[in-house]
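Student: One structure, as structure tokens, below. Some questions next.
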Amino acid sequence: MKELTLNKQEFDQRMSKFENQSPSKVNINKLDEFDNAVKNVEFSEPSLQFYYRKKISKVRLNALKAQGKNCTKWDMFYNDVMSDENPKAEPLKKILNVLNDENIPVEKLENVISTAEKELKSEEVLTYINSLQVFDKDRLNTELSKKLKHLRTKLNRNIPNDFGVWIDQLRKSRGLSFRALQEKSGVSASYIHRIISGERQRPTIPVIEQLAEALGVDKAEFFTKLNMKPTESEKEQTISQLLSLNDYTINGVSVTRKQKTAILELLTGIINAKWSTETQFDESIQIMKSIGTLKKALVEDEE
């Protein structure tokens, strides 16, 4: 790749013709050409590529929506992967094709989700993911996490018919009123009543744990009754989400978006480094550049 030195001002000048246009008039083909150019450049500051491509992606999504494409972030991500001619993308394409089906029968969702989660950890899929640039990897992790969470939520909407009856039998056998169970579990009486009456979707894992303890039942029984797996994967975040989407401070000062991007770039470079005899020198140089980018971002915001 050709090395190109760009600063934010120069990038903004290149982007201005797209950003200053009404989204309905943006030439998406030309915007995609610009994105491809950015993808194929080795920037002197690696975090710039992530920042630039994220900005291009935002303009592109707004343009697609304004031009009647009815496009979501998932749609754009899905279409981009499907158009990737890299043969190594094929295993991921198969997974996305399954997940993209909005008509998956509820009774098959659990198997679809667990199969996808397993296949996403396969060596062939991880090989492709690890070959991606930081922006593409971040988008992939974000969109897949959201899609799997959406499917899991869809699966969890319906409570098995006998679950409410079972909970009510447990409550009565313990001699507990709704109010007493509320006080013992910390779960509101109205919430418990809606679970029993079938008006509430499946309870969350924390609620299951609270009710199980209050009723003296192993929480594994709850999972069995609800056809759930005892996992808290929905609470988990990818490292990119953790660093990009949450607020935190450095030395008591709130971290800016630019600083978050630099932190993510540095950490990604360290994690992805092979650190072999052949690559260690070049990788250390790249990591040092990322450190420089982060330090510069920190200093700029102090001034």
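As shown in the structure tokens, the chain order sets the letters A, B, ...; within each chain, residues go from 1, and ligands are also counted from 1 in the order they appear.
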Please list as a PyMOL selection string every residue within 12 Å of A:Ser122, counting only C-alpha atoms and excluding residues in the same chain fewer than 5 positions away.
Tutor: chain A and resi 91-92+95+115-117+127-129
Student: So, counting only C-alpha atoms, which residue among A:Lys295, A:His193, A:Lys260, A:Arg171 is closest to A:Ala214?
Tutor: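 Closest residue, counting only C-alpha atoms: A:Arg171.
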Student: Have a look at A:Thr279, A:Ser177, A:Ser24, A:Thr268 and name the one nearest to A:Leu61; count only C-alpha atoms.
Tutor: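 The closest residue to A:Leu61 is A:Ser24.
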Student: Set the distance at 12 Å and use only C-alpha atoms: which residues neighbour A:Lys94 once local chain neighbours fewer than 5 positions away are removed? I'd like the list as a PyMOL selection string.
Tutor: chain A and resi 78+81-82+88-89+99-101+115-116+119-120+125
